[in-house]
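Text of upload01.cif (mmCIF, C-alpha atoms and all ligand atoms) as supplied:
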```cif
data_input
loop_
_atom_site.label_atom_id
_atom_site.label_comp_id
_atom_site.auth_asym_id
_atom_site.auth_seq_id
_atom_site.Cartn_x
_atom_site.Cartn_y
_atom_site.Cartn_z
CA MET L 23 122.96 116.23 120.25
CA ALA L 24 124.95 117.60 123.17
CA ASP L 25 123.00 120.82 123.29
CA LEU L 26 121.24 120.43 126.61
CA ASP L 27 119.69 123.43 128.29
CA VAL L 28 119.76 123.13 132.08
CA VAL L 29 117.86 125.65 134.23
CA THR L 30 118.77 125.81 137.91
CA ARG L 31 116.07 126.87 140.36
CA GLY L 32 113.72 126.87 137.41
CA GLY L 33 109.97 126.81 137.18
CA VAL L 34 107.48 125.64 134.58
CA LEU L 35 104.32 127.63 133.97
CA ILE L 36 101.49 125.43 132.69
CA ASP L 37 98.32 126.71 131.01
CA ASP L 38 94.77 125.39 131.45
CA GLU L 39 95.18 123.03 128.51
CA GLY L 40 98.13 121.27 130.14
CA ARG L 41 100.63 122.90 127.84
CA ILE L 42 103.84 124.62 128.89
CA ALA L 43 103.50 128.41 128.73
CA GLU L 44 106.92 129.39 130.03
CA VAL L 45 110.10 127.95 131.53
CA ALA L 46 112.05 130.45 133.61
CA ASP L 47 113.47 131.26 137.01
CA ALA L 48 111.05 129.98 139.66
CA ASP L 49 111.03 133.19 141.72
CA LYS L 50 110.35 135.29 138.63
CA LEU L 51 107.40 133.07 137.66
CA ARG L 52 106.05 133.20 141.23
CA LYS L 53 106.15 137.00 141.20
CA GLU L 54 104.57 137.33 137.77
CA HIS L 55 101.80 134.79 138.43
CA PRO L 56 100.75 135.24 142.07
CA ASP L 57 97.43 133.44 141.52
CA ALA L 58 98.90 130.32 139.94
CA ARG L 59 98.48 127.05 141.81
CA ILE L 60 101.99 126.02 142.81
CA GLU L 61 103.50 122.57 143.10
CA GLU L 62 106.92 122.42 144.66
CA VAL L 63 109.43 120.18 142.91
CA SER L 64 112.78 119.07 144.23
CA GLY L 65 115.52 117.09 142.55
CA VAL L 66 115.57 117.33 138.75
CA LEU L 67 112.59 117.87 136.46
CA PHE L 68 112.93 116.22 133.04
CA PRO L 69 110.59 116.18 130.07
CA GLY L 70 108.60 112.93 130.18
CA PHE L 71 110.73 110.18 128.65
CA VAL L 72 109.76 108.90 125.20
CA ASP L 73 110.13 105.20 124.37
CA SER L 74 110.41 105.10 120.59
CA HIS L 75 110.53 101.32 120.07
CA THR L 76 108.50 98.68 121.93
CA HIS L 77 106.62 95.49 121.23
CA GLY L 78 104.45 96.11 124.26
CA VAL L 79 101.39 93.93 123.45
CA PHE L 80 102.27 90.35 124.31
CA GLY L 81 101.27 87.36 126.41
CA PRO L 82 103.41 85.58 129.00
CA PRO L 83 107.13 86.28 129.45
CA ARG L 84 109.57 83.88 127.72
CA THR L 85 111.57 82.76 130.71
CA ALA L 86 112.22 79.31 129.18
CA ASP L 87 114.04 80.95 126.26
CA GLN L 88 116.28 82.78 128.69
CA ALA L 89 117.17 79.57 130.53
CA ARG L 90 117.91 77.81 127.23
CA ARG L 91 120.11 80.70 126.11
CA ALA L 92 122.08 80.50 129.33
CA LYS L 93 122.87 76.87 128.46
CA GLY L 94 124.37 78.06 125.20
CA ILE L 95 121.46 76.92 123.02
CA GLU L 96 121.27 78.91 119.77
CA TYR L 97 118.16 80.85 118.72
CA LYS L 98 117.44 78.43 115.84
CA THR L 99 117.32 75.47 118.24
CA ILE L 100 115.28 77.46 120.77
CA ALA L 101 112.76 78.15 118.00
CA GLU L 102 112.74 74.45 117.02
CA GLN L 103 112.08 73.55 120.66
CA GLY L 104 108.94 75.70 120.59
CA GLY L 105 110.38 78.97 121.85
CA GLY L 106 111.33 82.12 120.02
CA ILE L 107 109.14 84.76 118.47
CA LEU L 108 106.60 82.27 117.12
CA SER L 109 105.80 81.19 120.68
CA SER L 110 104.75 84.77 121.40
CA VAL L 111 102.63 84.59 118.25
CA ARG L 112 100.89 81.46 119.56
CA ASP L 113 100.34 83.23 122.90
CA VAL L 114 98.82 86.37 121.37
CA ARG L 115 96.59 84.34 119.06
CA ALA L 116 95.31 82.35 122.05
CA LEU L 117 94.50 85.39 124.19
CA SER L 118 91.28 87.39 123.96
CA GLU L 119 91.41 91.10 123.27
CA GLU L 120 90.27 91.75 126.87
CA ASP L 121 93.04 89.63 128.36
CA LEU L 122 95.67 91.27 126.16
CA LEU L 123 94.29 94.65 127.11
CA ALA L 124 94.60 93.91 130.83
CA LEU L 125 98.18 92.63 130.45
CA THR L 126 99.22 95.61 128.35
CA ARG L 127 97.52 98.10 130.64
CA SER L 128 99.46 96.91 133.67
CA ARG L 129 102.77 96.82 131.77
CA MET L 130 102.27 100.33 130.38
CA LYS L 131 101.49 101.53 133.89
CA ARG L 132 104.91 100.29 134.97
CA LEU L 133 106.56 102.17 132.12
CA LEU L 134 104.76 105.32 133.21
CA GLY L 135 106.04 104.83 136.76
CA LEU L 136 109.57 104.76 135.33
CA GLY L 137 109.02 108.18 133.79
CA THR L 138 107.93 107.17 130.28
CA THR L 139 105.02 109.34 129.19
CA THR L 140 104.93 108.46 125.48
CA VAL L 141 105.44 104.98 124.03
CA GLU L 142 105.54 103.67 120.49
CA VAL L 143 103.94 100.20 120.46
CA LYS L 144 104.09 97.71 117.60
CA SER L 145 101.88 94.84 116.59
CA GLY L 146 103.70 91.85 115.10
CA TYR L 147 102.81 88.93 117.36
CA GLY L 148 99.55 88.25 115.54
CA LEU L 149 100.78 87.66 111.99
CA SER L 150 97.26 87.04 110.75
CA LEU L 151 94.75 89.68 109.73
CA GLU L 152 92.56 89.07 112.75
CA ASP L 153 95.34 88.89 115.33
CA GLU L 154 97.30 91.89 114.05
CA ILE L 155 94.09 93.92 114.22
CA LYS L 156 93.49 92.57 117.73
CA GLN L 157 96.86 93.87 118.93
CA LEU L 158 96.35 97.26 117.31
CA ARG L 159 92.86 97.58 118.83
CA VAL L 160 94.40 96.95 122.25
CA ILE L 161 96.81 99.83 121.63
CA ARG L 162 93.99 102.09 120.50
CA LYS L 163 91.76 101.16 123.45
CA LEU L 164 94.52 102.01 125.91
CA GLY L 165 95.09 105.33 124.14
CA ASP L 166 96.54 107.54 126.80
CA GLN L 167 95.17 105.87 129.95
CA GLY L 168 98.79 105.31 130.93
CA PRO L 169 101.54 106.74 128.74
CA THR L 170 100.34 108.15 125.41
CA LEU L 171 100.65 105.32 122.88
CA VAL L 172 101.76 105.70 119.26
CA PRO L 173 100.73 102.62 117.22
CA THR L 174 102.86 100.85 114.60
CA PHE L 175 101.74 98.02 112.32
CA LEU L 176 104.46 95.33 112.17
CA GLY L 177 102.72 92.55 110.28
CA ALA L 178 106.08 91.85 108.61
CA HIS L 179 107.78 90.94 111.90
CA GLU L 180 108.27 87.27 111.02
CA VAL L 181 106.83 84.70 108.63
CA PRO L 182 104.23 82.69 110.58
CA ALA L 183 104.38 78.88 110.71
CA GLU L 184 101.55 78.41 108.20
CA HIS L 185 103.46 80.37 105.52
CA ARG L 186 106.95 78.98 106.11
CA ASP L 187 106.96 77.18 102.75
CA ASP L 188 105.97 80.31 100.85
CA PRO L 189 107.08 83.57 102.53
CA GLU L 190 106.13 85.53 99.41
CA ALA L 191 102.50 84.52 99.95
CA TYR L 192 102.74 85.97 103.45
CA VAL L 193 104.08 89.26 102.07
CA ASP L 194 101.07 89.24 99.70
CA LEU L 195 98.80 88.83 102.71
CA VAL L 196 100.45 91.74 104.54
CA VAL L 197 100.21 94.00 101.50
CA ASN L 198 96.85 93.00 100.08
CA GLU L 199 94.80 92.32 103.21
CA MET L 200 96.42 93.53 106.42
CA LEU L 201 97.62 96.97 105.36
CA PRO L 202 94.31 98.10 103.84
CA ALA L 203 92.39 96.86 106.90
CA VAL L 204 94.76 98.59 109.33
CA VAL L 205 94.52 101.85 107.40
CA GLN L 206 90.77 101.65 107.01
CA GLU L 207 90.32 101.33 110.78
CA LYS L 208 92.99 104.03 111.34
CA LEU L 209 94.83 101.69 113.68
CA ALA L 210 98.42 102.73 112.98
CA VAL L 211 100.58 105.76 112.39
CA PHE L 212 103.64 103.78 111.27
CA CYS L 213 104.39 100.64 109.30
CA ASP L 214 107.53 98.74 110.30
CA VAL L 215 109.31 95.72 108.77
CA PHE L 216 111.92 93.32 110.16
CA CYS L 217 114.50 93.62 107.37
CA GLU L 218 117.12 90.97 108.13
CA PRO L 219 118.64 87.95 106.35
CA GLY L 220 116.35 84.98 107.07
CA VAL L 221 113.36 87.19 107.90
CA PHE L 222 112.39 89.70 105.20
CA THR L 223 114.72 90.69 102.36
CA PRO L 224 115.32 94.35 101.47
CA LYS L 225 113.16 93.75 98.37
CA GLN L 226 110.24 92.37 100.38
CA SER L 227 110.68 95.12 102.99
CA GLU L 228 110.62 97.78 100.32
CA ARG L 229 107.46 96.34 98.84
CA VAL L 230 105.60 96.39 102.17
CA LEU L 231 106.84 99.88 103.08
CA SER L 232 106.11 101.41 99.67
CA GLU L 233 102.54 100.10 99.82
CA ALA L 234 102.21 101.43 103.38
CA ARG L 235 103.36 104.86 102.28
CA LYS L 236 100.85 104.89 99.43
CA LEU L 237 98.15 104.29 102.03
CA GLY L 238 99.38 107.21 104.14
CA LEU L 239 101.45 105.52 106.84
CA ASP L 240 104.85 106.78 107.94
CA LEU L 241 107.72 104.27 107.92
CA LYS L 242 110.16 102.51 110.26
CA ILE L 243 112.56 99.61 109.71
CA HIS L 244 114.11 97.00 111.99
CA ALA L 245 117.46 97.34 110.25
CA ASP L 246 120.84 95.60 110.46
CA GLU L 247 120.27 93.93 113.83
CA LEU L 248 122.07 90.62 113.36
CA ASP L 249 123.94 90.30 110.07
CA GLY L 250 123.12 93.45 108.26
CA SER L 251 121.53 93.59 104.83
CA GLY L 252 121.45 97.27 103.98
CA GLY L 253 118.41 98.05 106.11
CA ALA L 254 119.76 101.43 107.17
CA GLU L 255 120.36 102.46 103.55
CA LEU L 256 116.86 101.28 102.65
CA ALA L 257 115.39 103.34 105.50
CA VAL L 258 117.16 106.45 104.23
CA SER L 259 116.23 105.82 100.60
CA LEU L 260 112.56 105.54 101.65
CA ASN L 261 112.90 108.63 103.84
CA ALA L 262 111.66 106.56 106.79
CA ARG L 263 111.16 108.17 110.19
CA SER L 264 113.61 105.77 111.82
CA ALA L 265 116.04 102.89 111.31
CA ASP L 266 116.16 100.76 114.43
CA HIS L 267 118.71 98.36 116.04
CA LEU L 268 121.79 98.88 113.77
CA ALA L 269 124.19 96.69 115.78
CA ALA L 270 125.38 95.26 112.45
CA ILE L 271 125.19 98.44 110.35
CA SER L 272 127.85 98.89 107.62
CA ASP L 273 130.00 102.00 107.18
CA LYS L 274 127.86 102.80 104.16
CA GLY L 275 124.78 102.62 106.35
CA VAL L 276 126.35 104.99 108.89
CA GLY L 277 127.14 107.43 106.08
CA ALA L 278 123.61 107.22 104.73
CA LEU L 279 122.06 107.94 108.15
CA ALA L 280 124.50 110.79 108.74
CA ARG L 281 123.20 112.52 105.61
CA ALA L 282 119.54 111.59 106.11
CA PRO L 283 117.21 114.57 106.41
CA ARG L 284 114.69 112.92 108.73
CA THR L 285 115.65 109.32 109.54
CA VAL L 286 116.53 108.87 113.23
CA ALA L 287 118.86 106.01 114.28
CA VAL L 288 117.07 104.25 117.15
CA LEU L 289 119.53 102.17 119.17
CA LEU L 290 118.46 99.40 121.56
CA PRO L 291 121.37 98.59 123.87
CA GLY L 292 119.18 96.59 126.27
CA THR L 293 118.61 93.96 123.60
CA GLN L 294 122.29 93.29 123.01
CA LEU L 295 122.85 93.16 126.75
CA PHE L 296 119.93 90.83 127.51
CA LEU L 297 120.86 88.42 124.72
CA GLY L 298 124.49 88.38 125.83
CA ARG L 299 125.71 89.67 122.48
CA THR L 300 128.98 91.53 122.42
CA ASN L 301 128.64 93.69 119.32
CA ARG L 302 127.28 97.19 119.79
CA ALA L 303 125.63 99.72 117.53
CA PRO L 304 128.22 102.36 116.53
CA ALA L 305 126.59 105.26 118.36
CA ARG L 306 129.80 107.24 118.46
CA SER L 307 130.45 107.22 114.72
CA LEU L 308 126.74 107.80 113.98
CA ILE L 309 126.70 110.90 116.18
CA ASP L 310 130.13 112.14 115.14
CA GLU L 311 129.19 111.88 111.47
CA GLY L 312 125.96 113.80 112.05
CA ALA L 313 123.14 111.26 112.50
CA SER L 314 120.32 111.80 115.01
CA VAL L 315 120.39 109.04 117.61
CA ALA L 316 117.62 107.91 119.96
CA LEU L 317 117.71 105.18 122.61
CA ALA L 318 114.73 102.90 123.28
CA THR L 319 113.94 99.81 125.35
CA ASP L 320 112.74 97.43 122.58
CA PHE L 321 110.42 96.22 125.39
CA ASN L 322 109.36 92.71 124.35
CA PRO L 323 109.18 89.22 125.89
CA GLY L 324 111.96 87.59 123.86
CA SER L 325 114.98 89.79 123.44
CA SER L 326 114.47 92.77 125.77
CA PRO L 327 112.11 92.70 128.73
CA GLY L 328 113.58 96.05 129.76
CA MET L 329 111.17 98.82 130.70
CA SER L 330 113.39 101.64 131.94
CA LEU L 331 114.63 104.46 129.74
CA PRO L 332 117.03 105.76 132.42
CA LEU L 333 118.61 102.28 132.26
CA MET L 334 118.87 102.53 128.45
CA ALA L 335 120.42 105.98 128.86
CA MET L 336 122.96 104.50 131.28
CA LEU L 337 123.75 101.76 128.75
CA GLY L 338 124.07 104.45 126.08
CA VAL L 339 126.83 106.04 128.11
CA SER L 340 128.56 102.92 129.40
CA GLN L 341 128.16 100.60 126.38
CA LEU L 342 127.79 102.96 123.42
CA LYS L 343 130.16 105.68 124.68
CA MET L 344 127.59 108.44 124.41
CA ALA L 345 128.02 111.61 126.46
CA PRO L 346 125.45 111.97 129.29
CA GLU L 347 123.96 114.96 127.41
CA GLU L 348 123.54 112.80 124.31
CA ALA L 349 121.90 110.03 126.32
CA VAL L 350 119.35 112.47 127.79
CA ILE L 351 118.58 113.89 124.33
CA ALA L 352 118.29 110.32 123.02
CA VAL L 353 115.39 109.42 125.37
CA THR L 354 113.57 112.74 124.99
CA VAL L 355 113.93 115.10 121.98
CA ASN L 356 115.34 112.60 119.49
CA ALA L 357 113.04 109.81 120.66
CA ALA L 358 110.09 112.11 120.03
CA ALA L 359 111.46 112.83 116.54
CA ALA L 360 111.74 109.09 115.89
CA ILE L 361 107.99 108.69 116.36
CA GLY L 362 106.87 111.92 114.78
CA VAL L 363 105.80 113.80 117.92
CA ALA L 364 108.77 116.16 118.31
CA ASP L 365 106.50 119.19 118.02
CA ARG L 366 104.48 118.14 121.10
CA VAL L 367 106.64 116.19 123.56
CA GLY L 368 110.25 115.60 124.53
CA GLN L 369 111.08 119.12 125.73
CA LEU L 370 110.25 121.41 128.60
CA ALA L 371 109.58 124.39 126.38
CA PRO L 372 106.68 126.72 125.56
CA GLY L 373 104.00 125.08 123.45
CA PHE L 374 104.93 121.55 124.48
CA ASP L 375 102.68 119.21 126.47
CA ALA L 376 103.48 119.48 130.18
CA ASP L 377 104.62 115.84 130.36
CA MET L 378 107.18 115.90 133.16
CA VAL L 379 109.23 113.63 135.40
CA GLU L 380 110.55 114.55 138.81
CA ALA L 381 113.64 112.51 139.66
CA ASP L 382 114.98 112.19 143.17
CA ILE L 383 118.52 113.18 142.20
CA GLY L 384 120.69 116.24 142.71
CA ASP L 385 122.15 116.58 139.23
CA TRP L 386 120.72 115.69 135.81
CA ARG L 387 123.80 113.57 135.10
CA GLU L 388 122.54 111.09 137.68
CA MET L 389 119.70 110.07 135.36
CA PRO L 390 121.95 108.01 133.05
CA TYR L 391 123.96 106.86 136.08
CA TRP L 392 122.02 105.06 138.83
CA TYR L 393 120.63 101.74 137.75
CA GLY L 394 118.61 99.00 139.38
CA ALA L 395 116.50 101.50 141.31
CA ASN L 396 113.72 103.78 140.13
CA MET L 397 114.73 107.37 140.89
CA VAL L 398 111.47 108.77 139.51
CA ARG L 399 109.38 110.38 142.23
CA ARG L 400 106.43 111.87 140.34
CA VAL L 401 105.13 111.98 136.79
CA TRP L 402 102.76 114.46 135.13
CA LYS L 403 100.96 114.18 131.83
CA ARG L 404 99.64 117.40 130.31
CA GLY L 405 100.08 119.05 133.65
CA ALA L 406 98.08 116.44 135.60
CA PRO L 407 99.79 114.24 138.20
CA CYS L 408 99.76 110.53 137.27
CA PRO L 409 98.59 108.12 139.94
ZN ZN L 501 111.93 95.61 117.76
#
```

Show me, as structure tokens, the structure contained in the file I just sent.
Amino acid sequence: MADLDVVTRGGVLIDDEGRIAEVADADKLRKEHPDARIEEVSGVLFPGFVDSHTHGVFGPPRTADQARRAKGIEYKTIAEQGGGILSSVRDVRALSEEDLLALTRSRMKRLLGLGTTTVEVKSGYGLSLEDEIKQLRVIRKLGDQGPTLVPTFLGAHEVPAEHRDDPEAYVDLVVNEMLPAVVQEKLAVFCDVFCEPGVFTPKQSERVLSEARKLGLDLKIHADELDGSGGAELAVSLNARSADHLAAISDKGVGALARAPRTVAVLLPGTQLFLGRTNRAPARSLIDEGASVALATDFNPGSSPGMSLPLMAMLGVSQLKMAPEEAVIAVTVNAAAAIGVADRVGQLAPGFDADMVEADIGDWREMPYWYGANMVRRVWKRGAPCP
């Protein structure tokens, strides 16, 4: 994870398809390709950042929740007072697809301006067949107008109010009605589940994910965020693409991820920070024992309205004790692996999409360093400058 290749006075040769043909010394490329159209870049050029965990389709922000939290009110009470995740569900259900599309488009444009060229986006604020599909259609309609979007079905995000007395009936609905509809319309690449005491049990999570796999979806798990219930181990046993959160992961879970052949640990330090929680995901022991670690924003209206991956990289260093190299890898190469696009994005290397970010800094180490200002000057997707 600390294997970062830095080229000084480098150049990137891009082919007509917007793919990287060569990365080499700039003067050498200039000499060898005298007819190429040249764009001068100063500062540091990074691969486009990859946000591997967001809940980017939502209605209004939840500022009232934040004010309640500042008064010391617990999440359970906030939910009873009409806030919490189910308030975002009410908001999404009330909005038309067009209105959700407009909101999401403008938010994704902001992410792009912060250097994020690929974003995983989950449903999970609909929690009914119709409203989950509505969220996923918004993701599909946006496609790659802004960042390139990778869709995840998260029907098992929470049990909606109308099924509170019988959560098992809601799991039936997810498995028997939502999943087949999502797959039939080809609306998702991944299926995700919130595996956490009080939300979905490991048994329920396994049921949803096994059905999803049978239908051809790849898997993710919200694992061990609050109390821990073996979500990381479940992710590894199902050979999921990622296990996300992990602030309450057990030593056994760390060991399982360290030995996992393909499961990336996606850490979300912005969430812990925004909620004022003091426990942290054990990035250091995960990395030291051999796990692949990515950092993501968890962009959502309740627990992490953060949009900036450079900020998450900074938190990775300052809060999770990651090396700056590891933080850069965690928002590029490993983030791409966490959403199954590591063969296309996340690196400035031949064959990869020319998704690139020019940062107004003198040294790459300044990316996970400055915070509170956007150091991104220009962004390209497949070789084309983004407006
Ligand atoms: Zn999440």

_Show me which residues line ligand ZN 501 (chain L), defined as having an atom within 8 Å of a ligand atom where only C-alpha atoms and all ligand atoms count, and present them as a PyMOL selection string._
chain L and resi 75-77+216+244+266-267+320-322

Write a file of the just-selected residues containing C-alpha atoms, as a PDB file, keeping the file's coordinate frame.
```
ATOM      1  CA  HIS L  75     110.530 101.320 120.070  1.00  0.00           C
ATOM      2  CA  THR L  76     108.500  98.680 121.930  1.00  0.00           C
ATOM      3  CA  HIS L  77     106.620  95.490 121.230  1.00  0.00           C
ATOM      4  CA  PHE L 216     111.920  93.320 110.160  1.00  0.00           C
ATOM      5  CA  HIS L 244     114.110  97.000 111.990  1.00  0.00           C
ATOM      6  CA  ASP L 266     116.160 100.760 114.430  1.00  0.00           C
ATOM      7  CA  HIS L 267     118.710  98.360 116.040  1.00  0.00           C
ATOM      8  CA  ASP L 320     112.740  97.430 122.580  1.00  0.00           C
ATOM      9  CA  PHE L 321     110.420  96.220 125.390  1.00  0.00           C
ATOM     10  CA  ASN L 322     109.360  92.710 124.350  1.00  0.00           C
TER      11      ASN L 322
END
```

_Separation of atom CA of L:Asp188 from atom CA of L:Glu154, in Å and rounded to one decimal_ = 19.6 Å

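Of the listed residues (L:Leu260, L:Val215, L:Val29, L:Ala270), L:Leu260 comes nearest to L:Lys236; the distances count all atoms listed in the file.
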
*Using only C-alpha atoms, can you list as number ranges by chain the residues within 7 Å of (113.2, 76.9, 124.5)?*
L: 86-87, 90, 100-101, 103-105

With C-alpha atoms retained, export the selected residues as a PDB file, in the coordinates of the input.
```pdb
ATOM      1  CA  ALA L  86     112.220  79.310 129.180  1.00  0.00           C
ATOM      2  CA  ASP L  87     114.040  80.950 126.260  1.00  0.00           C
ATOM      3  CA  ARG L  90     117.910  77.810 127.230  1.00  0.00           C
ATOM      4  CA  ILE L 100     115.280  77.460 120.770  1.00  0.00           C
ATOM      5  CA  ALA L 101     112.760  78.150 118.000  1.00  0.00           C
ATOM      6  CA  GLN L 103     112.080  73.550 120.660  1.00  0.00           C
ATOM      7  CA  GLY L 104     108.940  75.700 120.590  1.00  0.00           C
ATOM      8  CA  GLY L 105     110.380  78.970 121.850  1.00  0.00           C
TER       9      GLY L 105
END
```

*Coordinates-based distance that separates atom CA of L:Ser227 from atom CA of L:Leu290 (Å, one decimal)*: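 Going from atom CA of L:Leu290 over to atom CA of L:Ser227, I get 20.6 Å.
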
Do you have, as JSON lines, the list of residues of stretch 318-347 of chain L lying at most 6 Å from stretch 386-399 of chain L, each with its nearest atom pair and that distance in Å to one decimal, counting all atoms listed in the file and ordered by chain then number?
```
{"residue": "L:Pro332", "atom": "CA", "partner": "L:Pro390", "partner_atom": "CA", "distance": 5.4}
{"residue": "L:Leu333", "atom": "CA", "partner": "L:Tyr393", "partner_atom": "CA", "distance": 5.9}
{"residue": "L:Ala335", "atom": "CA", "partner": "L:Pro390", "partner_atom": "CA", "distance": 4.9}
{"residue": "L:Met336", "atom": "CA", "partner": "L:Pro390", "partner_atom": "CA", "distance": 4.1}
```

_List the spatial neighbours of L:Met200 as a ChimeraX atom specification - criterion: any atom at most 10 Å away, only C-alpha atoms, same-chain residues fewer than 2 positions off excluded._
/L:149-152,154-155,175,177,193-198,202-206

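Computed from the coordinates, the atom CA of L:Ile161 to atom CA of L:Val143 distance equals 7.2 Å.
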
*Surrounding residues of L:Lys163 excluding itself and chain neighbours under 5 positions, 10 Å, all atoms listed in the file, as number ranges by chain*: L: 123, 127, 157-158, 171

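The smallest atom-to-atom distance between L:Arg84 and any of L:Glu96, L:Gly324, L:Ile60, L:Glu184, using all atoms listed in the file, is found for L:Gly324.
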
*What residues have an atom no more than 10 Å from (116.9, 86.8, 108.7) in the file's own frame, counting all atoms listed in the file, and can you write them as a VMD selection string?*
chain L and resid 180 216 to 223 246 to 251

*Using all atoms listed in the file, which of the listed residues (L:Thr354, L:Gly33, L:Ile271, L:Asp57) sits closest to L:Gln369?*
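Looking only at the distances to L:Gln369, the closest residue turns out to be L:Thr354.
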
_L:Val367 environment, 10 Å, only C-alpha atoms, sequence neighbours closer than 2 positions dropped, as a PyMOL selection string_ = chain L and resi 41+69-72+139-140+354-355+357-359+362-365+369-371+373-378+404

Write out the residues from the selection above, keeping C-alpha atoms, as a PDB file, in the frame of the given file.
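Generated output (part26.pdb):
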```pdb
ATOM      1  CA  ARG L  41     100.630 122.900 127.840  1.00  0.00           C
ATOM      2  CA  PRO L  69     110.590 116.180 130.070  1.00  0.00           C
ATOM      3  CA  GLY L  70     108.600 112.930 130.180  1.00  0.00           C
ATOM      4  CA  PHE L  71     110.730 110.180 128.650  1.00  0.00           C
ATOM      5  CA  VAL L  72     109.760 108.900 125.200  1.00  0.00           C
ATOM      6  CA  THR L 139     105.020 109.340 129.190  1.00  0.00           C
ATOM      7  CA  THR L 140     104.930 108.460 125.480  1.00  0.00           C
ATOM      8  CA  THR L 354     113.570 112.740 124.990  1.00  0.00           C
ATOM      9  CA  VAL L 355     113.930 115.100 121.980  1.00  0.00           C
ATOM     10  CA  ALA L 357     113.040 109.810 120.660  1.00  0.00           C
ATOM     11  CA  ALA L 358     110.090 112.110 120.030  1.00  0.00           C
ATOM     12  CA  ALA L 359     111.460 112.830 116.540  1.00  0.00           C
ATOM     13  CA  GLY L 362     106.870 111.920 114.780  1.00  0.00           C
ATOM     14  CA  VAL L 363     105.800 113.800 117.920  1.00  0.00           C
ATOM     15  CA  ALA L 364     108.770 116.160 118.310  1.00  0.00           C
ATOM     16  CA  ASP L 365     106.500 119.190 118.020  1.00  0.00           C
ATOM     17  CA  GLN L 369     111.080 119.120 125.730  1.00  0.00           C
ATOM     18  CA  LEU L 370     110.250 121.410 128.600  1.00  0.00           C
ATOM     19  CA  ALA L 371     109.580 124.390 126.380  1.00  0.00           C
ATOM     20  CA  GLY L 373     104.000 125.080 123.450  1.00  0.00           C
ATOM     21  CA  PHE L 374     104.930 121.550 124.480  1.00  0.00           C
ATOM     22  CA  ASP L 375     102.680 119.210 126.470  1.00  0.00           C
ATOM     23  CA  ALA L 376     103.480 119.480 130.180  1.00  0.00           C
ATOM     24  CA  ASP L 377     104.620 115.840 130.360  1.00  0.00           C
ATOM     25  CA  MET L 378     107.180 115.900 133.160  1.00  0.00           C
ATOM     26  CA  ARG L 404      99.640 117.400 130.310  1.00  0.00           C
TER      27      ARG L 404
END
```

*For L:Ser330, which residue among L:Ala406, L:Val114, L:Val141, L:Val63 is the nearest when counting all atoms listed in the file?*
L:Val141

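Across L:Ala234, L:Ala262, L:Ala360, L:Ala89, the tightest approach to L:Val288 is made by L:Ala360 when counting only C-alpha atoms.
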
*Spatial neighbours of stretch 338-348 of chain L, 6 Å, all atoms listed in the file, chain gap at least 4 places, as number ranges by chain*: L: 23-24, 305, 352

*Nearest to L:Ala280: which of L:Ala92, L:Val258, L:Ile361, L:Ile351 is it, counting all atoms listed in the file?*
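Among the listed residues, L:Val258 lies closest to L:Ala280.
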